[in-house]
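> Sending over work.cif (mmCIF, C-alpha atoms).
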data_model
loop_
_atom_site.group_PDB
_atom_site.id
_atom_site.type_symbol
_atom_site.label_atom_id
_atom_site.label_comp_id
_atom_site.auth_asym_id
_atom_site.auth_seq_id
_atom_site.Cartn_x
_atom_site.Cartn_y
_atom_site.Cartn_z
ATOM 1 C CA MET K 16 0.000 0.000 0.000
ATOM 2 C CA LYS K 17 1.361 3.423 -0.942
ATOM 3 C CA THR K 18 1.730 5.839 1.967
ATOM 4 C CA GLU K 19 1.241 9.579 1.512
ATOM 5 C CA SER K 20 4.153 11.999 1.707
ATOM 6 C CA GLU K 21 4.268 14.421 4.609
ATOM 7 C CA LEU K 22 4.415 17.411 2.303
ATOM 8 C CA ARG K 23 1.287 16.418 0.373
ATOM 9 C CA ALA K 24 -0.638 15.710 3.568
ATOM 10 C CA ARG K 25 0.292 19.006 5.222
ATOM 11 C CA TYR K 26 0.103 21.652 2.529
ATOM 12 C CA ASN K 27 -3.245 21.316 0.775
ATOM 13 C CA ASP K 28 -4.485 24.664 2.101
ATOM 14 C CA ASN K 29 -4.441 26.972 -0.913
ATOM 15 C CA THR K 30 -5.113 30.059 1.210
ATOM 16 C CA ARG K 31 -1.621 29.943 2.710
ATOM 17 C CA GLY K 32 1.843 29.938 1.226
ATOM 18 C CA VAL K 33 4.446 27.245 1.642
ATOM 19 C CA TYR K 34 7.992 28.286 2.436
ATOM 20 C CA PHE K 35 11.329 26.643 1.720
ATOM 21 C CA ILE K 36 15.058 27.197 1.985
ATOM 22 C CA GLY K 37 17.010 25.872 -1.016
ATOM 23 C CA THR K 38 20.510 24.449 -0.759
ATOM 24 C CA THR K 39 23.041 22.266 -2.570
ATOM 25 C CA PRO K 40 24.875 19.170 -1.332
ATOM 26 C CA PRO K 41 28.521 19.717 -0.356
ATOM 27 C CA LYS K 42 31.189 19.001 -2.953
ATOM 28 C CA LEU K 43 32.115 15.354 -3.446
ATOM 29 C CA ASP K 44 35.628 15.872 -2.058
ATOM 30 C CA THR K 45 34.135 16.986 1.284
ATOM 31 C CA SER K 46 34.563 14.375 4.006
ATOM 32 C CA LEU K 47 31.418 12.886 5.532
ATOM 33 C CA GLU K 48 32.387 14.472 8.858
ATOM 34 C CA ASP K 49 32.536 17.885 7.207
ATOM 35 C CA VAL K 50 29.233 17.215 5.420
ATOM 36 C CA GLU K 51 27.714 16.803 8.884
ATOM 37 C CA LEU K 52 29.275 20.085 10.004
ATOM 38 C CA ILE K 53 27.990 21.927 6.933
ATOM 39 C CA ALA K 54 24.495 20.562 7.563
ATOM 40 C CA ASP K 55 24.724 21.638 11.211
ATOM 41 C CA LYS K 56 25.695 25.188 10.174
ATOM 42 C CA LEU K 57 22.690 25.398 7.855
ATOM 43 C CA VAL K 58 20.359 24.050 10.521
ATOM 44 C CA ASP K 59 21.735 26.602 12.995
ATOM 45 C CA ARG K 60 21.119 29.442 10.527
ATOM 46 C CA ILE K 61 17.482 28.473 9.994
ATOM 47 C CA LYS K 62 16.637 27.400 13.554
ATOM 48 C CA ASP K 63 14.851 30.673 14.357
ATOM 49 C CA ILE K 64 12.781 30.915 11.177
ATOM 50 C CA ALA K 65 9.628 28.929 10.479
ATOM 51 C CA ILE K 66 10.047 26.844 7.338
ATOM 52 C CA ASP K 67 7.785 24.247 5.777
ATOM 53 C CA GLY K 68 10.733 22.352 4.369
ATOM 54 C CA LEU K 69 14.001 22.446 2.471
ATOM 55 C CA ILE K 70 14.964 21.890 -1.148
ATOM 56 C CA VAL K 71 18.167 20.082 -2.145
ATOM 57 C CA TYR K 72 19.366 20.541 -5.718
ATOM 58 C CA ASP K 73 20.990 18.018 -8.030
ATOM 59 C CA ILE K 74 23.839 20.067 -9.493
ATOM 60 C CA GLN K 75 24.819 19.317 -13.098
ATOM 61 C CA ASN K 76 27.580 20.803 -15.240
ATOM 62 C CA GLU K 77 25.218 22.271 -17.878
ATOM 63 C CA ASP K 78 28.141 23.369 -20.070
ATOM 64 C CA SER K 79 26.252 22.063 -23.127
ATOM 65 C CA ARG K 80 23.510 24.648 -22.562
ATOM 66 C CA THR K 81 25.658 27.657 -23.443
ATOM 67 C CA SER K 82 29.008 28.508 -24.989
ATOM 68 C CA VAL K 83 29.660 31.073 -22.256
ATOM 69 C CA PRO K 84 32.287 29.839 -19.749
ATOM 70 C CA ARG K 85 30.930 28.821 -16.349
ATOM 71 C CA PRO K 86 31.703 31.621 -13.814
ATOM 72 C CA PHE K 87 32.333 29.084 -11.037
ATOM 73 C CA PRO K 88 34.109 25.801 -11.817
ATOM 74 C CA PHE K 89 31.853 22.755 -11.754
ATOM 75 C CA LYS K 90 32.504 20.169 -9.057
ATOM 76 C CA SER K 91 30.456 17.037 -8.446
ATOM 77 C CA THR K 92 28.581 16.898 -5.167
ATOM 78 C CA HIS K 93 27.575 14.260 -2.679
ATOM 79 C CA ASP K 94 24.397 12.335 -3.506
ATOM 80 C CA PRO K 95 21.468 14.757 -3.001
ATOM 81 C CA ARG K 96 19.515 11.892 -1.412
ATOM 82 C CA HIS K 97 22.141 11.566 1.319
ATOM 83 C CA TYR K 98 22.107 15.287 2.067
ATOM 84 C CA SER K 99 18.298 15.371 2.004
ATOM 85 C CA ALA K 100 18.144 12.518 4.504
ATOM 86 C CA LEU K 101 20.643 14.310 6.734
ATOM 87 C CA LEU K 102 18.687 17.576 6.706
ATOM 88 C CA ASN K 103 15.404 15.767 7.240
ATOM 89 C CA LYS K 104 16.866 14.042 10.282
ATOM 90 C CA LYS K 105 18.313 17.263 11.728
ATOM 91 C CA THR K 106 15.244 19.465 11.115
ATOM 92 C CA SER K 107 12.312 17.009 11.115
ATOM 93 C CA ARG K 108 11.023 18.935 8.100
ATOM 94 C CA PRO K 109 10.186 17.549 4.644
ATOM 95 C CA VAL K 110 12.954 17.884 2.068
ATOM 96 C CA ILE K 111 12.276 18.128 -1.674
ATOM 97 C CA THR K 112 15.074 16.462 -3.631
ATOM 98 C CA TYR K 113 15.920 17.383 -7.214
ATOM 99 C CA LYS K 114 16.867 14.636 -9.657
ATOM 100 C CA SER K 115 18.319 15.124 -13.136
ATOM 101 C CA VAL K 116 16.968 12.199 -15.138
ATOM 102 C CA GLY K 117 18.367 12.501 -18.653
ATOM 103 C CA GLN K 118 21.473 10.337 -18.286
ATOM 104 C CA THR K 119 19.931 7.158 -16.864
ATOM 105 C CA ASP K 120 17.623 4.490 -18.302
ATOM 106 C CA ALA K 121 14.164 3.662 -16.961
ATOM 107 C CA SER K 122 15.251 0.501 -15.112
ATOM 108 C CA SER K 123 18.158 2.220 -13.354
ATOM 109 C CA PHE K 124 15.960 5.176 -12.504
ATOM 110 C CA ASP K 125 13.316 2.899 -10.989
ATOM 111 C CA GLN K 126 16.035 1.364 -8.816
ATOM 112 C CA TRP K 127 17.197 4.875 -7.856
ATOM 113 C CA LEU K 128 13.617 5.663 -6.796
ATOM 114 C CA ASN K 129 13.352 2.578 -4.598
ATOM 115 C CA GLU K 130 16.665 3.398 -2.931
ATOM 116 C CA ALA K 131 15.564 7.014 -2.458
ATOM 117 C CA TRP K 132 12.412 5.934 -0.636
ATOM 118 C CA HIS K 133 13.663 2.994 1.428
ATOM 119 C CA GLU K 134 17.306 3.901 2.146
ATOM 120 C CA TYR K 135 17.111 7.690 2.355
ATOM 121 C CA GLY K 136 13.479 8.389 3.241
ATOM 122 C CA VAL K 137 13.129 10.679 0.211
ATOM 123 C CA LYS K 138 9.448 11.083 -0.628
ATOM 124 C CA GLU K 139 9.262 14.451 -2.400
ATOM 125 C CA LEU K 140 10.960 14.891 -5.765
ATOM 126 C CA VAL K 141 11.448 17.463 -8.487
ATOM 127 C CA LEU K 142 12.475 15.830 -11.763
ATOM 128 C CA VAL K 143 14.606 17.819 -14.182
ATOM 129 C CA GLY K 144 15.264 16.971 -17.816
ATOM 130 C CA SER K 145 18.353 17.546 -19.918
ATOM 131 C CA PRO K 146 19.640 21.151 -19.879
ATOM 132 C CA SER K 147 20.272 21.059 -23.623
ATOM 133 C CA ILE K 148 18.878 19.348 -26.711
ATOM 134 C CA LYS K 149 22.519 18.736 -27.670
ATOM 135 C CA ASN K 150 22.804 16.074 -24.969
ATOM 136 C CA GLN K 151 22.016 12.442 -25.706
ATOM 137 C CA VAL K 152 18.952 11.718 -23.558
ATOM 138 C CA LYS K 153 18.516 8.183 -22.268
ATOM 139 C CA LEU K 154 15.312 8.912 -20.344
ATOM 140 C CA PRO K 155 12.978 11.684 -21.563
ATOM 141 C CA LEU K 156 11.348 13.682 -18.807
ATOM 142 C CA ALA K 157 7.861 12.410 -19.683
ATOM 143 C CA ASP K 158 9.085 8.815 -19.281
ATOM 144 C CA ALA K 159 10.700 9.706 -15.953
ATOM 145 C CA TYR K 160 7.369 11.043 -14.703
ATOM 146 C CA LYS K 161 5.679 7.834 -15.848
ATOM 147 C CA THR K 162 8.293 5.657 -14.125
ATOM 148 C CA THR K 163 7.869 7.636 -10.896
ATOM 149 C CA VAL K 164 4.066 7.477 -10.992
ATOM 150 C CA ASN K 165 4.197 3.714 -11.611
ATOM 151 C CA ASN K 166 6.805 3.108 -8.911
ATOM 152 C CA GLU K 167 5.646 1.071 -5.915
ATOM 153 C CA ASN K 168 6.216 4.101 -3.651
ATOM 154 C CA ASN K 169 3.918 7.103 -3.557
ATOM 155 C CA PHE K 170 6.258 9.979 -4.393
ATOM 156 C CA PHE K 171 5.029 13.570 -4.286
ATOM 157 C CA ILE K 172 6.251 14.785 -7.676
ATOM 158 C CA GLY K 173 7.142 18.296 -8.757
ATOM 159 C CA GLY K 174 8.534 19.964 -11.847
ATOM 160 C CA VAL K 175 10.248 23.194 -12.796
ATOM 161 C CA THR K 176 8.705 26.218 -14.430
ATOM 162 C CA ILE K 177 10.824 28.679 -16.383
ATOM 163 C CA ALA K 178 9.410 32.135 -17.059
ATOM 164 C CA GLU K 179 12.243 32.842 -19.487
ATOM 165 C CA ARG K 180 11.121 29.877 -21.596
ATOM 166 C CA HIS K 181 7.593 31.287 -21.668
ATOM 167 C CA ALA K 182 8.952 34.656 -22.809
ATOM 168 C CA LYS K 183 10.609 32.921 -25.779
ATOM 169 C CA LYS K 184 8.059 30.256 -26.692
ATOM 170 C CA GLY K 185 4.803 31.433 -25.112
ATOM 171 C CA ASN K 186 3.664 27.944 -24.102
ATOM 172 C CA GLU K 187 4.931 27.390 -20.568
ATOM 173 C CA HIS K 188 1.356 27.408 -19.224
ATOM 174 C CA GLU K 189 0.557 24.472 -21.500
ATOM 175 C CA ARG K 190 3.680 22.655 -20.310
ATOM 176 C CA LEU K 191 2.542 23.078 -16.696
ATOM 177 C CA ILE K 192 -0.850 21.582 -17.448
ATOM 178 C CA GLU K 193 0.754 18.736 -19.399
ATOM 179 C CA LYS K 194 3.216 18.036 -16.575
ATOM 180 C CA HIS K 195 0.352 17.922 -14.077
ATOM 181 C CA GLU K 196 -1.388 15.359 -16.269
ATOM 182 C CA GLN K 197 1.868 13.364 -16.170
ATOM 183 C CA GLY K 198 1.977 13.404 -12.370
ATOM 184 C CA CYS K 199 3.341 16.774 -11.162
ATOM 185 C CA ASN K 200 1.537 18.389 -8.237
ATOM 186 C CA PHE K 201 3.713 21.452 -7.723
ATOM 187 C CA PHE K 202 6.247 23.539 -9.612
ATOM 188 C CA ILE K 203 9.366 25.455 -8.594
ATOM 189 C CA SER K 204 10.594 28.433 -10.593
ATOM 190 C CA GLN K 205 14.090 29.539 -11.472
ATOM 191 C CA ALA K 206 15.465 32.481 -9.522
ATOM 192 C CA ILE K 207 13.414 35.586 -10.337
ATOM 193 C CA TYR K 208 14.991 38.884 -11.354
ATOM 194 C CA ASN K 209 12.474 39.786 -14.064
ATOM 195 C CA PRO K 210 9.101 40.010 -12.308
ATOM 196 C CA GLN K 211 7.137 40.830 -15.466
ATOM 197 C CA GLU K 212 8.085 37.525 -17.097
ATOM 198 C CA THR K 213 6.900 35.700 -13.981
ATOM 199 C CA ILE K 214 3.674 37.715 -13.931
ATOM 200 C CA ASP K 215 3.098 36.748 -17.581
ATOM 201 C CA ILE K 216 3.390 32.996 -17.012
ATOM 202 C CA LEU K 217 1.410 32.999 -13.758
ATOM 203 C CA THR K 218 -1.385 35.030 -15.329
ATOM 204 C CA ARG K 219 -1.513 32.878 -18.450
ATOM 205 C CA TYR K 220 -1.506 29.687 -16.368
ATOM 206 C CA ALA K 221 -4.267 30.943 -14.048
ATOM 207 C CA ILE K 222 -6.512 32.011 -16.925
ATOM 208 C CA GLU K 223 -5.917 28.769 -18.849
ATOM 209 C CA CYS K 224 -6.859 26.741 -15.760
ATOM 210 C CA GLN K 225 -10.047 28.807 -15.407
ATOM 211 C CA LYS K 226 -10.921 28.206 -19.069
ATOM 212 C CA ARG K 227 -10.463 24.451 -18.702
ATOM 213 C CA SER K 228 -12.054 24.256 -15.240
ATOM 214 C CA LEU K 229 -8.787 22.880 -13.855
ATOM 215 C CA LYS K 230 -7.449 23.273 -10.345
ATOM 216 C CA PRO K 231 -4.128 25.145 -10.590
ATOM 217 C CA GLN K 232 -1.174 23.449 -8.935
ATOM 218 C CA ARG K 233 1.046 25.180 -6.426
ATOM 219 C CA ILE K 234 3.858 27.298 -7.834
ATOM 220 C CA ILE K 235 6.856 28.017 -5.614
ATOM 221 C CA LEU K 236 8.685 31.221 -6.533
ATOM 222 C CA THR K 237 12.461 31.185 -6.123
ATOM 223 C CA PHE K 238 14.510 34.204 -5.091
ATOM 224 C CA SER K 239 18.255 34.430 -4.558
ATOM 225 C CA PRO K 240 20.322 37.359 -3.267
ATOM 226 C CA CYS K 241 23.312 38.616 -5.234
ATOM 227 C CA GLY K 242 26.291 40.251 -3.575
ATOM 228 C CA SER K 243 28.891 40.504 -6.339
ATOM 229 C CA ASP K 244 29.432 40.789 -10.078
ATOM 230 C CA LYS K 245 30.620 37.161 -10.151
ATOM 231 C CA THR K 246 27.390 35.953 -8.531
ATOM 232 C CA LEU K 247 25.409 38.059 -10.983
ATOM 233 C CA ASN K 248 27.335 36.511 -13.875
ATOM 234 C CA PHE K 249 26.496 33.071 -12.506
ATOM 235 C CA ILE K 250 22.799 33.951 -12.180
ATOM 236 C CA GLU K 251 22.753 35.038 -15.817
ATOM 237 C CA TRP K 252 24.804 31.983 -16.875
ATOM 238 C CA LEU K 253 22.104 29.789 -15.355
ATOM 239 C CA GLY K 254 19.636 31.322 -17.794
ATOM 240 C CA VAL K 255 17.948 33.752 -15.423
ATOM 241 C CA SER K 256 16.661 36.912 -17.099
ATOM 242 C CA VAL K 257 18.158 40.009 -15.465
ATOM 243 C CA PRO K 258 17.094 43.329 -17.036
ATOM 244 C CA GLU K 259 19.970 45.695 -17.762
ATOM 245 C CA ALA K 260 18.702 48.315 -15.307
ATOM 246 C CA THR K 261 18.539 45.695 -12.567
ATOM 247 C CA SER K 262 22.133 44.627 -13.238
ATOM 248 C CA LEU K 263 23.307 48.217 -13.142
ATOM 249 C CA ARG K 264 21.453 48.908 -9.889
ATOM 250 C CA ILE K 265 23.133 45.952 -8.201
ATOM 251 C CA LEU K 266 26.635 46.501 -9.565
ATOM 252 C CA ASN K 267 26.693 50.242 -8.888
ATOM 253 C CA ALA K 268 25.164 50.093 -5.414
ATOM 254 C CA SER K 269 27.320 50.848 -2.371
ATOM 255 C CA ASN K 270 26.075 47.522 -0.983
ATOM 256 C CA PRO K 271 25.164 45.191 -3.884
ATOM 257 C CA LEU K 272 23.754 42.491 -1.594
ATOM 258 C CA HIS K 273 21.328 44.838 0.124
ATOM 259 C CA GLU K 274 20.317 46.330 -3.228
ATOM 260 C CA SER K 275 19.569 42.851 -4.612
ATOM 261 C CA ILE K 276 17.439 42.096 -1.539
ATOM 262 C CA ARG K 277 15.499 45.316 -2.121
ATOM 263 C CA ILE K 278 14.994 44.334 -5.757
ATOM 264 C CA CYS K 279 13.737 40.867 -4.775
ATOM 265 C CA CYS K 280 11.286 42.386 -2.292
ATOM 266 C CA ASN K 281 9.987 44.815 -4.913
ATOM 267 C CA SER K 282 9.693 41.971 -7.418
ATOM 268 C CA LEU K 283 7.541 39.871 -5.111
ATOM 269 C CA ASN K 284 5.301 42.847 -4.391
ATOM 270 C CA GLN K 285 4.818 43.392 -8.130
ATOM 271 C CA ILE K 286 4.058 39.715 -8.712
ATOM 272 C CA LEU K 287 1.545 39.452 -5.874
ATOM 273 C CA ASP K 288 -0.153 42.722 -6.853
ATOM 274 C CA ALA K 289 -0.698 41.279 -10.303
ATOM 275 C CA VAL K 290 -1.727 37.688 -9.555
ATOM 276 C CA VAL K 291 -3.102 37.343 -6.017
ATOM 277 C CA SER K 292 -6.692 37.797 -7.270
ATOM 278 C CA TYR K 293 -6.377 34.642 -9.398
ATOM 279 C CA ASN K 294 -6.229 32.465 -6.249
ATOM 280 C CA LEU K 295 -3.138 30.596 -7.400
ATOM 281 C CA PRO K 296 -1.628 28.467 -4.631
ATOM 282 C CA LEU K 297 1.841 29.941 -4.163
ATOM 283 C CA GLY K 298 5.012 29.424 -2.184
ATOM 284 C CA LEU K 299 8.554 30.723 -1.783
ATOM 285 C CA ASN K 300 11.964 29.136 -2.102
ATOM 286 C CA ILE K 301 14.922 31.239 -0.988
ATOM 287 C CA GLU K 302 18.370 30.031 -2.003
ATOM 288 C CA SER K 303 21.970 31.178 -1.946
ATOM 289 C CA LEU K 304 23.767 30.366 -5.176
ATOM 290 C CA THR K 305 27.229 30.589 -3.606
ATOM 291 C CA ASN K 306 28.859 29.468 -0.370
ATOM 292 C CA ARG K 307 29.845 33.039 0.530
ATOM 293 C CA LYS K 308 28.830 33.650 4.142
ATOM 294 C CA GLU K 309 27.519 37.120 3.302
ATOM 295 C CA GLU K 310 25.155 35.805 0.653
ATOM 296 C CA ILE K 311 24.023 32.856 2.766
ATOM 297 C CA ASN K 312 23.144 35.211 5.619
ATOM 298 C CA GLY K 313 21.494 37.505 3.082
ATOM 299 C CA SER K 314 19.282 34.653 1.937
ATOM 300 C CA ILE K 315 18.009 34.168 5.512
ATOM 301 C CA LEU K 316 17.152 37.872 5.758
ATOM 302 C CA LEU K 317 15.486 37.713 2.352
ATOM 303 C CA TYR K 318 13.440 34.711 3.494
ATOM 304 C CA LYS K 319 12.107 36.635 6.510
ATOM 305 C CA LEU K 320 11.180 39.643 4.397
ATOM 306 C CA LEU K 321 9.534 37.737 1.565
ATOM 307 C CA ARG K 322 7.620 35.346 3.801
ATOM 308 C CA SER K 323 6.178 38.302 5.721
ATOM 309 C CA THR K 324 5.164 39.924 2.434
ATOM 310 C CA MET K 325 3.452 36.834 1.053
ATOM 311 C CA ASP K 326 1.696 36.035 4.344
ATOM 312 C CA THR K 327 0.324 39.588 4.454
ATOM 313 C CA TYR K 328 -0.895 39.561 0.858
ATOM 314 C CA LEU K 329 -2.602 36.196 1.226
ATOM 315 C CA ALA K 330 -4.233 37.131 4.538
ATOM 316 C CA LYS K 331 -5.584 40.395 3.086
ATOM 317 C CA HIS K 332 -6.901 38.541 0.035
ATOM 318 C CA GLU K 333 -8.615 35.947 2.223
ATOM 319 C CA LEU K 334 -10.232 38.748 4.241
ATOM 320 C CA GLU K 335 -11.485 40.412 1.052
ATOM 321 C CA MET K 336 -12.967 37.128 -0.130
ATOM 322 C CA LEU K 337 -14.759 36.639 3.207
ATOM 323 C CA LYS K 338 -16.163 40.179 3.004
ATOM 324 C CA ALA K 339 -17.373 39.575 -0.548
ATOM 325 C CA GLN K 340 -19.131 36.389 0.529
ATOM 326 C CA SER K 341 -20.916 38.163 3.381
ATOM 327 C CA ASP K 342 -22.096 41.127 1.273
#
If you convert what's in this file into C-alpha cells, what do you get?

Amino acid sequence: MKTESELRARYNDNTRGVYFIGTTPPKLDTSLEDVELIADKLVDRIKDIAIDGLIVYDIQNEDSRTSVPRPFPFKSTHDPRHYSALLNKKTSRPVITYKSVGQTDASSFDQWLNEAWHEYGVKELVLVGSPSIKNQVKLPLADAYKTTVNNENNFFIGGVTIAERHAKKGNEHERLIEKHEQGCNFFISQAIYNPQETIDILTRYAIECQKRSLKPQRIILTFSPCGSDKTLNFIEWLGVSVPEATSLRILNASNPLHESIRICCNSLNQILDAVVSYNLPLGLNIESLTNRKEEINGSILLYKLLRSTMDTYLAKHELEMLKAQSD
C-alpha cells in the first residue's frame, strides 16, 4: 500500500503559502564528517525561522547549454539523497530532492527511486530533464514522470517552471498543465529577477486553468540574493533573465547584496499585486547560489522579508474574499 508523503498531507491549504530554503549538497571531495558540520551550520542558521521544508538541488555541469564559460568551476557533489536525509533528520522537516533524469535508463531510474524511498526516506521529488537538446537523452522527462508514478512508492512529484522559456516560446502554461497530467503536483521556478516575465506565465496559467475548469497546482517562486558581479554573472549563466537596469542597480550600489534584496522584495510585491486575485496556490523558495557567508546570511534575511510579504498579501486577500461572501 502506498503511503502519503508528509508534504502532500500538510500543505493542501491553498489560502496559505508554503515556504522553503534551497541548498546544494557539499562538494564530493568533502569528508562525511565535514558534510555533517555543513548541515549543522545550515540548521543553525534556519533554527529561528519557520520553514515548511528544504529543497536540495541536483547540481549538473550544464556546459552544453551555453558557450559562455561557467563563472564558477563545476565540481560534483555528494548524492542529493544523502544530504536530504541528513537535513530531514536534523530538522524534522520535509525535504524536496531534485533529480536530473536525462542520463539514466528507466530501469536504473526505478532502482534509484526505490533506494531514495527505502534507504534515504526521500518522498518528495522534483524531476529535471536535460539542460540542452545537444545532450544524448537516455530517459525523456515524460518517461521519468511515468516511471515515478508507476513506482511502488507514492512519491510527491514536482517539476520546474521557467518564465524565461515562456517569454521565448509562449507555451509554458501548457507545459505546466501537461506536466500535471503526467503526475506533477507542484512547480518550482528559477530564480526571479524579471518580475514581469513571472507575472506573464502565472497570469496565463491561471486564466488557462479557469478556461479548462482545472485546479491550478502550487507554484513556488524562487529568489536568490546577489552580492557581487561574479554571482550576478552566474545567475545570468544559469539562464535567469536580469534586465539591464537591474544589473546596473546591483553593480553600482554601495552595498550590492542589500540592493539585490530590495529588488527581490519589490519583485515579489509586483508579482503578488498582479496575480493574487487569481487564487493561485503559491510558495517561496529562498536560495543562496554561492557558499559566501555574506550571501548565505542575506538569503536568511530575504526569506524573513519575503515570507512576511506573502503572508500579508494572502491574509488580506482571504479577508477580502470573506467580506465579498458576506455582502
> Separation of CA of Gly242 (chain K) and CA of Gly37 (chain K), in Å?
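Calculated distance between CA of Gly242 (chain K) and CA of Gly37 (chain K) is 17.3 Å.
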> Please determine, counting all atoms listed in the file, which residue among K:Leu102, K:Val175, K:Val143, K:Leu337 has the shortest atom-to-atom distance to Ile234 (chain K).
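Using all atoms listed in the file, Ile234 (chain K) sits closest to K:Val175.
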> Name every residue that the PyMOL selection byres ((chain K and resi 262) around 12) selects in this structure, writing the answer as a ChimeraX atom specification with chains first and numbers rising.
/K:208-209,241-248,250-251,255-261,263-268,271-272,274-275,278
> How far is it from CA of Ser282 (chain K) to CA of Ile207 (chain K), in Å with one decimal?
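Separation of CA of Ser282 (chain K) and CA of Ile207 (chain K): 7.9 Å.
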> Please measure the separation of CA of Thr218 (chain K) and CA of Ser292 (chain K), giving the value in Å to one decimal.
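We find that CA of Thr218 (chain K) and CA of Ser292 (chain K) lie 10.0 Å from each other.
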> Can you list what the PyMOL selection byres ((chain K and resi 185-193) around 12) grabs from this structure, as a VMD selection string?
chain K and resid 156 to 157 160 173 to 184 194 to 204 212 to 225 227 to 234
